[in-house]
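Below is structure_14.json, which holds JSON, C-alpha atoms.
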[["chain", "number", "residue", "atom", "x", "y", "z"],
["A", 1213, "MET", "CA", 8.75, -8.67, -23.59],
["A", 1214, "PHE", "CA", 9.48, -7.01, -20.27],
["A", 1215, "ILE", "CA", 11.33, -3.73, -19.89],
["A", 1216, "HIS", "CA", 12.67, -2.73, -16.49],
["A", 1217, "MET", "CA", 12.45, 0.91, -15.43],
["A", 1218, "LYS", "CA", 14.92, 2.11, -12.81],
["A", 1219, "GLU", "CA", 12.24, 3.74, -10.66],
["A", 1220, "LEU", "CA", 10.09, 2.05, -8.04],
["A", 1221, "GLN", "CA", 6.32, 2.06, -8.45],
["A", 1222, "TYR", "CA", 6.10, 3.62, -4.97],
["A", 1223, "ARG", "CA", 8.46, 4.76, -2.23],
["A", 1224, "ALA", "CA", 10.22, 2.02, -0.27],
["A", 1225, "LYS", "CA", 12.54, 3.55, 2.33],
["A", 1226, "PRO", "CA", 12.39, 2.85, 6.07],
["A", 1227, "GLU", "CA", 13.32, 5.44, 8.65],
["A", 1228, "ARG", "CA", 15.65, 3.04, 10.47],
["A", 1229, "PRO", "CA", 17.01, -0.51, 10.17],
["A", 1230, "ASP", "CA", 14.93, -3.31, 11.65],
["A", 1231, "PRO", "CA", 16.17, -6.83, 10.85],
["A", 1232, "VAL", "CA", 13.31, -8.44, 12.76],
["A", 1233, "PHE", "CA", 10.70, -6.66, 10.66],
["A", 1234, "ALA", "CA", 12.69, -7.52, 7.54],
["A", 1235, "ARG", "CA", 12.05, -11.14, 8.38],
["A", 1236, "LYS", "CA", 8.35, -10.47, 8.83],
["A", 1237, "LEU", "CA", 8.15, -8.78, 5.43],
["A", 1238, "GLN", "CA", 9.52, -11.94, 3.84],
["A", 1239, "GLU", "CA", 6.06, -13.47, 4.36],
["A", 1240, "VAL", "CA", 4.35, -11.01, 2.00],
["A", 1241, "LEU", "CA", 7.22, -11.39, -0.44],
["A", 1242, "GLY", "CA", 7.79, -15.14, -0.70],
["A", 1243, "GLY", "CA", 4.99, -16.69, 1.35],
["A", 1244, "GLN", "CA", 1.98, -18.58, 0.03],
["A", 1245, "TYR", "CA", -0.04, -15.38, -0.40],
["A", 1246, "GLY", "CA", 2.91, -13.09, -1.03],
["A", 1247, "GLU", "CA", 3.69, -10.89, -4.01],
["A", 1248, "MET", "CA", 5.78, -13.57, -5.73],
["A", 1249, "SER", "CA", 2.76, -15.86, -5.72],
["A", 1250, "VAL", "CA", 0.30, -13.39, -7.22],
["A", 1251, "MET", "CA", 2.94, -12.22, -9.70],
["A", 1252, "MET", "CA", 3.45, -15.74, -11.04],
["A", 1253, "GLN", "CA", -0.23, -16.64, -10.77],
["A", 1254, "TYR", "CA", -1.44, -13.70, -12.85],
["A", 1255, "LEU", "CA", 1.37, -13.96, -15.41],
["A", 1256, "PHE", "CA", 0.82, -17.67, -16.05],
["A", 1257, "GLN", "CA", -2.95, -17.18, -16.25],
["A", 1258, "GLY", "CA", -2.27, -14.48, -18.82],
["A", 1259, "PHE", "CA", 0.33, -16.46, -20.79],
["A", 1260, "ASN", "CA", -2.09, -19.40, -20.99],
["A", 1261, "CYS", "CA", -5.28, -17.41, -21.60],
["A", 1262, "ARG", "CA", -7.35, -18.69, -24.54],
["A", 1263, "ALA", "CA", -10.37, -16.50, -23.86],
["A", 1264, "GLU", "CA", -11.21, -13.04, -25.14],
["A", 1265, "GLN", "CA", -8.07, -10.91, -25.39],
["A", 1266, "LYS", "CA", -9.25, -8.32, -22.89],
["A", 1267, "TYR", "CA", -8.84, -10.93, -20.15],
["A", 1268, "ARG", "CA", -5.31, -11.77, -21.26],
["A", 1269, "ASP", "CA", -4.35, -8.12, -21.37],
["A", 1270, "MET", "CA", -5.82, -7.47, -17.93],
["A", 1271, "LEU", "CA", -3.98, -10.45, -16.43],
["A", 1272, "LEU", "CA", -0.67, -9.32, -17.90],
["A", 1273, "ASP", "CA", -1.29, -5.76, -16.70],
["A", 1274, "ILE", "CA", -1.74, -6.83, -13.10],
["A", 1275, "GLY", "CA", 0.89, -9.58, -13.26],
["A", 1276, "THR", "CA", 3.48, -7.07, -14.43],
["A", 1277, "GLU", "CA", 2.47, -4.66, -11.67],
["A", 1278, "GLU", "CA", 3.11, -7.43, -9.16],
["A", 1279, "ILE", "CA", 6.70, -7.64, -10.41],
["A", 1280, "ALA", "CA", 6.99, -4.02, -9.25],
["A", 1281, "HIS", "CA", 5.64, -4.99, -5.84],
["A", 1282, "VAL", "CA", 8.26, -7.73, -5.54],
["A", 1283, "GLU", "CA", 10.90, -5.12, -6.32],
["A", 1284, "MET", "CA", 9.50, -2.68, -3.74],
["A", 1285, "LEU", "CA", 9.44, -5.31, -1.00],
["A", 1286, "SER", "CA", 12.92, -6.54, -1.86],
["A", 1287, "THR", "CA", 14.23, -2.98, -1.71],
["A", 1288, "MET", "CA", 12.55, -2.36, 1.62],
["A", 1289, "ILE", "CA", 13.85, -5.60, 3.14],
["A", 1290, "ALA", "CA", 17.41, -4.84, 2.03],
["A", 1291, "GLN", "CA", 17.26, -1.40, 3.64],
["A", 1292, "LEU", "CA", 15.77, -2.76, 6.86],
["A", 1293, "LEU", "CA", 18.81, -5.03, 7.03],
["A", 1294, "ASP", "CA", 21.28, -2.15, 6.60],
["A", 1295, "GLY", "CA", 23.54, -1.77, 9.62],
["A", 1296, "ALA", "CA", 22.66, -5.20, 10.98],
["A", 1297, "PRO", "CA", 25.62, -7.46, 10.13],
["A", 1298, "ALA", "CA", 25.97, -10.68, 12.04],
["A", 1299, "ASP", "CA", 28.80, -9.50, 14.31],
["A", 1300, "GLN", "CA", 26.72, -6.59, 15.62],
["A", 1301, "VAL", "CA", 23.76, -8.87, 16.17],
["A", 1302, "ASP", "CA", 25.90, -11.34, 18.11],
["A", 1303, "GLU", "CA", 27.41, -8.58, 20.25],
["A", 1304, "ALA", "CA", 24.06, -7.00, 21.02],
["A", 1305, "ALA", "CA", 22.56, -10.38, 21.84],
["A", 1306, "LYS", "CA", 24.86, -10.64, 24.90],
["A", 1307, "ASP", "CA", 22.28, -8.47, 26.63],
["A", 1308, "PRO", "CA", 19.34, -10.83, 27.37],
["A", 1309, "ALA", "CA", 16.75, -8.12, 26.77],
["A", 1310, "ILE", "CA", 18.21, -7.22, 23.38],
["A", 1311, "ALA", "CA", 18.67, -10.88, 22.53],
["A", 1312, "ALA", "CA", 14.96, -11.43, 23.01],
["A", 1313, "ALA", "CA", 14.22, -8.75, 20.42],
["A", 1314, "LEU", "CA", 16.90, -9.77, 17.94],
["A", 1315, "GLY", "CA", 15.98, -13.41, 18.23],
["A", 1316, "GLY", "CA", 13.45, -12.86, 15.49],
["A", 1317, "MET", "CA", 16.07, -11.98, 12.88],
["A", 1318, "ASN", "CA", 16.45, -14.49, 10.06],
["A", 1319, "PRO", "CA", 20.10, -15.62, 10.24],
["A", 1320, "GLN", "CA", 20.02, -16.41, 6.52],
["A", 1321, "HIS", "CA", 19.79, -12.68, 5.84],
["A", 1322, "ALA", "CA", 23.31, -12.40, 7.22],
["A", 1323, "ILE", "CA", 24.65, -15.78, 6.08],
["A", 1324, "VAL", "CA", 23.06, -16.52, 2.71],
["A", 1325, "SER", "CA", 21.75, -13.36, 1.07],
["A", 1326, "GLY", "CA", 24.28, -10.79, 2.26],
["A", 1327, "LEU", "CA", 21.65, -8.62, 3.93],
["A", 1328, "GLY", "CA", 19.27, -8.87, 1.00],
["A", 1329, "ALA", "CA", 15.75, -10.14, 0.41],
["A", 1330, "MET", "CA", 15.20, -13.80, -0.43],
["A", 1331, "PRO", "CA", 12.50, -15.74, -2.31],
["A", 1332, "THR", "CA", 11.28, -17.30, 0.93],
["A", 1333, "ASP", "CA", 8.61, -16.82, 3.57],
["A", 1334, "SER", "CA", 9.19, -15.40, 7.05],
["A", 1335, "ASN", "CA", 10.50, -18.75, 8.32],
["A", 1336, "GLY", "CA", 12.93, -19.16, 5.43],
["A", 1337, "TYR", "CA", 10.81, -21.74, 3.57],
["A", 1338, "PRO", "CA", 11.50, -21.38, -0.18],
["A", 1339, "TRP", "CA", 8.79, -20.02, -2.43],
["A", 1340, "ASN", "CA", 6.94, -22.87, -4.12],
["A", 1341, "SER", "CA", 5.31, -22.86, -7.55],
["A", 1342, "LYS", "CA", 2.57, -25.10, -6.12],
["A", 1343, "TYR", "CA", 1.22, -21.93, -4.50],
["A", 1344, "ILE", "CA", -0.07, -20.66, -7.84],
["A", 1345, "ILE", "CA", -3.25, -21.55, -9.74],
["A", 1346, "ALA", "CA", -3.61, -21.25, -13.50],
["A", 1347, "SER", "CA", -6.31, -23.72, -14.59],
["A", 1348, "GLY", "CA", -7.54, -22.20, -17.84],
["A", 1349, "ASN", "CA", -11.02, -21.69, -16.38],
["A", 1350, "LEU", "CA", -11.26, -17.95, -15.81],
["A", 1351, "LEU", "CA", -14.08, -18.04, -13.27],
["A", 1352, "ALA", "CA", -12.25, -20.58, -11.12],
["A", 1353, "ASP", "CA", -8.97, -18.70, -11.54],
["A", 1354, "PHE", "CA", -10.45, -15.27, -10.77],
["A", 1355, "ARG", "CA", -11.98, -16.64, -7.58],
["A", 1356, "ALA", "CA", -8.57, -17.99, -6.61],
["A", 1357, "ASN", "CA", -7.17, -14.53, -7.37],
["A", 1358, "LEU", "CA", -9.77, -12.90, -5.12],
["A", 1359, "ASN", "CA", -8.80, -15.28, -2.33],
["A", 1360, "ALA", "CA", -5.10, -14.55, -2.85],
["A", 1361, "GLU", "CA", -5.67, -10.79, -2.68],
["A", 1362, "SER", "CA", -7.89, -11.19, 0.40],
["A", 1363, "GLN", "CA", -5.32, -13.24, 2.28],
["A", 1364, "GLY", "CA", -2.50, -11.00, 1.07],
["A", 1365, "LEU", "CA", -4.29, -7.84, 2.22],
["A", 1366, "LEU", "CA", -5.00, -9.40, 5.61],
["A", 1367, "GLN", "CA", -1.31, -10.13, 6.09],
["A", 1368, "VAL", "CA", -0.18, -6.67, 4.95],
["A", 1369, "VAL", "CA", -2.68, -5.00, 7.28],
["A", 1370, "ARG", "CA", -1.39, -7.09, 10.18],
["A", 1371, "LEU", "CA", 2.18, -6.09, 9.32],
["A", 1372, "TYR", "CA", 1.14, -2.42, 9.16],
["A", 1373, "GLU", "CA", -0.09, -2.72, 12.75],
["A", 1374, "GLN", "CA", 3.21, -4.28, 13.85],
["A", 1375, "THR", "CA", 5.46, -1.36, 12.92],
["A", 1376, "THR", "CA", 5.65, 2.33, 13.79],
["A", 1377, "ASP", "CA", 8.27, 3.14, 11.14],
["A", 1378, "PRO", "CA", 6.76, 5.94, 8.99],
["A", 1379, "GLY", "CA", 8.62, 4.82, 5.86],
["A", 1380, "VAL", "CA", 7.52, 1.21, 6.16],
["A", 1381, "ARG", "CA", 3.94, 2.22, 6.89],
["A", 1382, "ASP", "CA", 4.00, 4.55, 3.87],
["A", 1383, "MET", "CA", 4.92, 1.70, 1.52],
["A", 1384, "LEU", "CA", 2.47, -0.70, 3.16],
["A", 1385, "SER", "CA", -0.32, 1.87, 2.85],
["A", 1386, "PHE", "CA", 0.22, 1.85, -0.91],
["A", 1387, "MET", "CA", 0.22, -1.95, -1.05],
["A", 1388, "ILE", "CA", -2.98, -1.99, 1.02],
["A", 1389, "ALA", "CA", -4.58, 0.40, -1.45],
["A", 1390, "ARG", "CA", -3.57, -1.74, -4.43],
["A", 1391, "ASP", "CA", -4.84, -4.92, -2.74],
["A", 1392, "ILE", "CA", -8.19, -3.20, -2.19],
["A", 1393, "MET", "CA", -8.26, -2.20, -5.85],
["A", 1394, "HIS", "CA", -7.32, -5.71, -6.97],
["A", 1395, "GLN", "CA", -10.09, -7.28, -4.88],
["A", 1396, "ASN", "CA", -12.55, -4.92, -6.53],
["A", 1397, "GLN", "CA", -11.04, -5.81, -9.91],
["A", 1398, "TRP", "CA", -11.52, -9.54, -9.41],
["A", 1399, "LEU", "CA", -15.02, -9.05, -8.05],
["A", 1400, "ALA", "CA", -15.91, -7.07, -11.20],
["A", 1401, "ALA", "CA", -14.34, -9.70, -13.47],
["A", 1402, "ILE", "CA", -16.14, -12.52, -11.63],
["A", 1403, "GLU", "CA", -19.43, -10.63, -11.91],
["A", 1404, "GLU", "CA", -18.90, -10.20, -15.65],
["A", 1405, "ILE", "CA", -18.20, -13.88, -16.28],
["A", 1406, "GLU", "CA", -21.04, -15.02, -14.01],
["A", 1407, "ALA", "CA", -23.43, -12.88, -16.05],
["A", 1408, "ILE", "CA", -22.42, -14.91, -19.11],
["A", 1409, "ASP", "CA", -21.87, -18.44, -17.77],
["A", 1410, "GLY", "CA", -23.57, -18.43, -14.37],
["A", 1411, "PRO", "CA", -21.93, -18.81, -10.95],
["A", 1412, "ILE", "CA", -20.86, -22.47, -11.15],
["A", 1413, "ALA", "CA", -17.39, -23.32, -12.44],
["A", 1414, "PRO", "CA", -17.08, -25.03, -14.81],
["A", 1415, "ALA", "CA", -20.35, -24.13, -16.49],
["A", 1416, "SER", "CA", -19.71, -26.54, -19.36],
["A", 1417, "PHE", "CA", -20.35, -29.83, -17.52],
["A", 1418, "PRO", "CA", -23.87, -31.20, -18.29],
["A", 1419, "ARG", "CA", -25.87, -30.78, -15.08],
["A", 1420, "GLU", "CA", -28.01, -33.84, -15.82],
["A", 1421, "ARG", "CA", -24.96, -36.03, -15.25],
["A", 1422, "ALA", "CA", -24.81, -34.97, -11.59],
["A", 1423, "VAL", "CA", -26.90, -36.58, -8.82],
["A", 1424, "THR", "CA", -29.70, -34.02, -8.94],
["A", 1425, "GLU", "CA", -30.85, -34.02, -5.32],
["A", 1426, "ALA", "CA", -27.27, -33.73, -4.07],
["A", 1427, "THR", "CA", -26.81, -30.46, -5.95],
["A", 1428, "ARG", "CA", -29.15, -28.65, -3.56],
["A", 1429, "GLN", "CA", -28.82, -30.41, -0.19],
["A", 1430, "PHE", "CA", -27.01, -28.85, 2.77],
["A", 1431, "MET", "CA", -26.21, -31.83, 4.98],
["A", 1432, "ASN", "CA", -25.97, -31.49, 8.76],
["A", 1433, "PHE", "CA", -22.84, -33.53, 9.48],
["A", 1434, "SER", "CA", -21.95, -31.99, 12.86],
["A", 1435, "VAL", "CA", -23.75, -31.88, 16.21],
["A", 1436, "GLY", "CA", -26.20, -28.98, 16.43],
["A", 1437, "GLU", "CA", -28.42, -27.34, 13.83],
["A", 1438, "GLU", "CA", -27.26, -23.71, 13.95],
["A", 1439, "SER", "CA", -26.11, -24.04, 10.34],
["A", 1440, "SER", "CA", -29.75, -24.39, 9.27],
["A", 1441, "LEU", "CA", -30.18, -20.65, 9.87],
["A", 1442, "GLY", "CA", -27.76, -19.67, 7.10],
["A", 1443, "ARG", "CA", -28.52, -18.51, 3.58],
["A", 1444, "TRP", "CA", -26.73, -21.65, 2.34],
["A", 1445, "ALA", "CA", -29.46, -23.87, 3.78],
["A", 1446, "ASN", "CA", -32.62, -22.02, 2.75],
["A", 1447, "GLY", "CA", -34.07, -20.22, -0.24],
["A", 1448, "PRO", "CA", -33.14, -20.23, -3.92],
["A", 1449, "LEU", "CA", -29.84, -21.57, -5.17],
["A", 1450, "PRO", "CA", -27.57, -18.83, -6.56],
["A", 1451, "ASP", "CA", -27.42, -20.65, -9.90],
["A", 1452, "GLY", "CA", -31.21, -20.47, -10.26],
["A", 1453, "THR", "CA", -31.76, -24.23, -10.56],
["A", 1454, "GLY", "CA", -33.95, -24.73, -7.49],
["A", 1455, "ASN", "CA", -33.89, -24.22, -3.73],
["A", 1456, "PHE", "CA", -31.54, -25.24, -0.95],
["A", 1457, "GLU", "CA", -32.74, -28.17, 1.15],
["A", 1458, "TYR", "CA", -31.59, -28.59, 4.76],
["A", 1459, "VAL", "CA", -31.01, -32.26, 5.61],
["A", 1460, "ALA", "CA", -30.98, -32.57, 9.39],
["A", 1461, "ASN", "CA", -30.13, -36.29, 9.47],
["A", 1462, "PRO", "CA", -28.22, -37.34, 6.35],
["A", 1463, "THR", "CA", -28.38, -41.00, 5.41],
["A", 1464, "ALA", "CA", -25.72, -43.03, 3.65],
["A", 1465, "TYR", "CA", -26.12, -43.68, -0.07],
["A", 1466, "GLY", "CA", -24.09, -46.88, -0.19],
["A", 1467, "GLU", "CA", -22.77, -49.78, 1.85],
["A", 1468, "ALA", "CA", -19.14, -50.08, 2.90],
["A", 1469, "PRO", "CA", -17.44, -52.79, 0.82],
["A", 1470, "VAL", "CA", -15.60, -55.79, 2.24],
["A", 1471, "LEU", "CA", -12.26, -55.82, 0.49],
["A", 1472, "LYS", "CA", -10.70, -59.01, -0.81],
["A", 1473, "PRO", "CA", -7.44, -60.21, 0.76],
["A", 1474, "ALA", "CA", -4.32, -58.84, -0.86],
["A", 1475, "ALA", "CA", -2.15, -61.02, -3.04],
["A", 1476, "LYS", "CA", 0.56, -62.91, -1.16],
["A", 1477, "HIS", "CA", 3.39, -60.96, -2.78],
["A", 1478, "GLN", "CA", 2.02, -57.72, -1.26],
["A", 1479, "HIS", "CA", 2.88, -59.01, 2.23],
["A", 1480, "SER", "CA", -0.19, -57.35, 3.72],
["A", 1481, "THR", "CA", -1.86, -58.44, 6.96],
["A", 1482, "LEU", "CA", -4.22, -61.32, 6.11],
["A", 1483, "GLY", "CA", -5.33, -62.49, 9.53],
["A", 1484, "THR", "CA", -4.18, -63.22, 13.06],
["A", 1485, "GLY", "CA", -2.05, -66.29, 12.35],
["A", 1486, "PRO", "CA", 0.32, -67.76, 9.76],
["A", 1487, "TYR", "CA", -0.48, -67.57, 6.06],
["A", 1488, "VAL", "CA", -2.66, -70.57, 5.22],
["A", 1489, "VAL", "CA", -3.16, -72.04, 1.77],
["A", 1490, "ASN", "CA", -5.08, -75.32, 1.28],
["A", 1491, "GLU", "CA", -4.79, -76.07, 5.01],
["A", 1492, "THR", "CA", -0.97, -76.08, 4.70],
["A", 1493, "VAL", "CA", 0.81, -73.76, 7.09],
["A", 1494, "LYS", "CA", 3.29, -71.48, 5.36],
["A", 1495, "ASN", "CA", 5.87, -69.75, 7.51]]
Here is the file; what I need is its structure written in the form of structure tokens.
Amino acid sequence: MFIHMKELQYRAKPERPDPVFARKLQEVLGGQYGEMSVMMQYLFQGFNCRAEQKYRDMLLDIGTEEIAHVEMLSTMIAQLLDGAPADQVDEAAKDPAIAAALGGMNPQHAIVSGLGAMPTDSNGYPWNSKYIIASGNLLADFRANLNAESQGLLQVVRLYEQTTDPGVRDMLSFMIARDIMHQNQWLAAIEEIEAIDGPIAPASFPRERAVTEATRQFMNFSVGEESSLGRWANGPLPDGTGNFEYVANPTAYGEAPVLKPAAKHQHSTLGTGPYVVNETVKN
């Protein structure tokens, strides 16, 4: 059960309207790595969690917090759009210099949402549930969460650098802080699970069923051998099952097959001339 409180988790009030920056903020609201994505990702991981209850509780804690971040961003976007109705934008755009600046405004903010936030990215592309990952394997999911928080923080930091509005920067500074905390959270959770199951996800698949030598070979498939200097090509494997092996000139394991002709009813290309059956030409 969710209960909505009529206060924001943190302040979300700009000093002045800025419809262009409102569009930019849509990316960290409804983009692939936006707050809507992590909100849904963490909630569905929590709803579906079959592991120890502390993991479920943690996922629902952070997933519910992300609902608050969606609310903060939506509130900020709506206020950045205040005082920017379409007629004023059109009038101002008669000046070429102003038009260049206002050209970045999302027209859907004035046409579709009535100067409100939308569940879309900065180009107006609708949020997509395919952005989220909830596999049931906590190690795999927590690594996806770490990636989501890393990409999300990168985008918020870039947005922070693109505004001088004290109110916007104030809210973004809080979101940056929470993204830092959440990265630390997922790193700690990953470390805990790796201590139990090891670093490979899933840990449950019998290793003897894999091609053993291929589990440790780094294969040089591009020109140059600079990659041989990396930790991924030398020394012990992180899972403790052996050592990395650098393969400078990988060889093929199998031969390319020669495929049989397709059946006639598939109408595929069978040769360079008419279709021939028993030496009889078929048009």
Would you mind listing, for every residue of stretch 1329-1400 of chain A within 6 Å of stretch 1216-1230 of chain A, the two atoms forming the shortest contact and the distance between them in Å to one decimal, using all atoms listed in the file, sorted by chain and ascending residue number, as JSON lines?
{"residue": "A:Gly1379", "atom": "CA", "partner": "A:Pro1226", "partner_atom": "CA", "distance": 4.3}
{"residue": "A:Val1380", "atom": "CA", "partner": "A:Pro1226", "partner_atom": "CA", "distance": 5.1}
{"residue": "A:Met1383", "atom": "CA", "partner": "A:Ala1224", "partner_atom": "CA", "distance": 5.6}
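In this comparison, which uses only C-alpha atoms, the residue of A:Glu1361, A:Glu1247, A:Glu1437, A:Asp1269 approaching A:Asp1391 most closely is A:Glu1361.
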**Request:** Have a look at atom CA of A:Leu1285 and atom CA of A:Phe1354 and let me know their distance in Å, one decimal.
**Result:**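 Atom CA of A:Phe1354 lies 24.3 Å from atom CA of A:Leu1285.
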**Message:** One decimal, in Å: what's the spacing between atom CA of A:Tyr1372 and atom CA of A:Trp1398?
**Reply:** 23.6 Å
**Request:** Write out as a list in words each polymer residue whose atoms come within 6 Å of A:Pro1231, counting only C-alpha atoms; drop sequence neighbours fewer than 3 positions from it.
**Result:** Ala1234, Leu1292, Leu1293 and Met1317 of chain A
Output of the above residues as a CSV table (one decimal), in the coordinates of the input, restricted to C-alpha atoms:
chain,number,residue,atom,x,y,z
A,1234,ALA,CA,12.7,-7.5,7.5
A,1292,LEU,CA,15.8,-2.8,6.9
A,1293,LEU,CA,18.8,-5.0,7.0
A,1317,MET,CA,16.1,-12.0,12.9
**Message:** Ranking A:Gln1291, A:Thr1376, A:Gln1257, A:Asn1446 by minimum distance to A:Ala1356 and counting all atoms listed in the file, which one comes first?
**Reply:**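 Closest to A:Ala1356 of all the choices is A:Gln1257.
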**Message:** Please report the interatomic distance between atom CA of A:Ile1215 and atom CA of A:Phe1386 in Å with one decimal.
**Reply:**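 So the two atoms, atom CA of A:Ile1215 and atom CA of A:Phe1386, lie 22.7 Å apart.
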**Complete:** Across A:Val1232, A:Ala1329, A:Leu1271, A:Leu1351, the smallest distance to A:Ser1416, with all atoms listed in the file counted, is shown by A:Leu1351
**Message:** Which residues are near A:Thr1276? Cut-off 10 Å, only C-alpha atoms, ignore same chain within fewer than 3 positions. Put them as a ChimeraX atom specification.
**Reply:** /A:1214,1251-1252,1254-1255,1270-1273,1279-1281
**Prompt:** Which residue, A:Gly1364, A:Gly1442, A:Gly1316, A:Gly1326, has the smallest gap to A:Gly1246 when you use only C-alpha atoms?
**Reply:**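 Result for the nearest residue to A:Gly1246: A:Gly1364.
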**Message:** I'd like the contact shell of A:Gly1336 - 10 Å cut-off, only C-alpha atoms, skipping same-chain residues fewer than 3 positions apart - returned as a ChimeraX atom specification.
**Reply:** /A:1235,1238-1239,1242-1243,1318-1321,1330-1333,1339
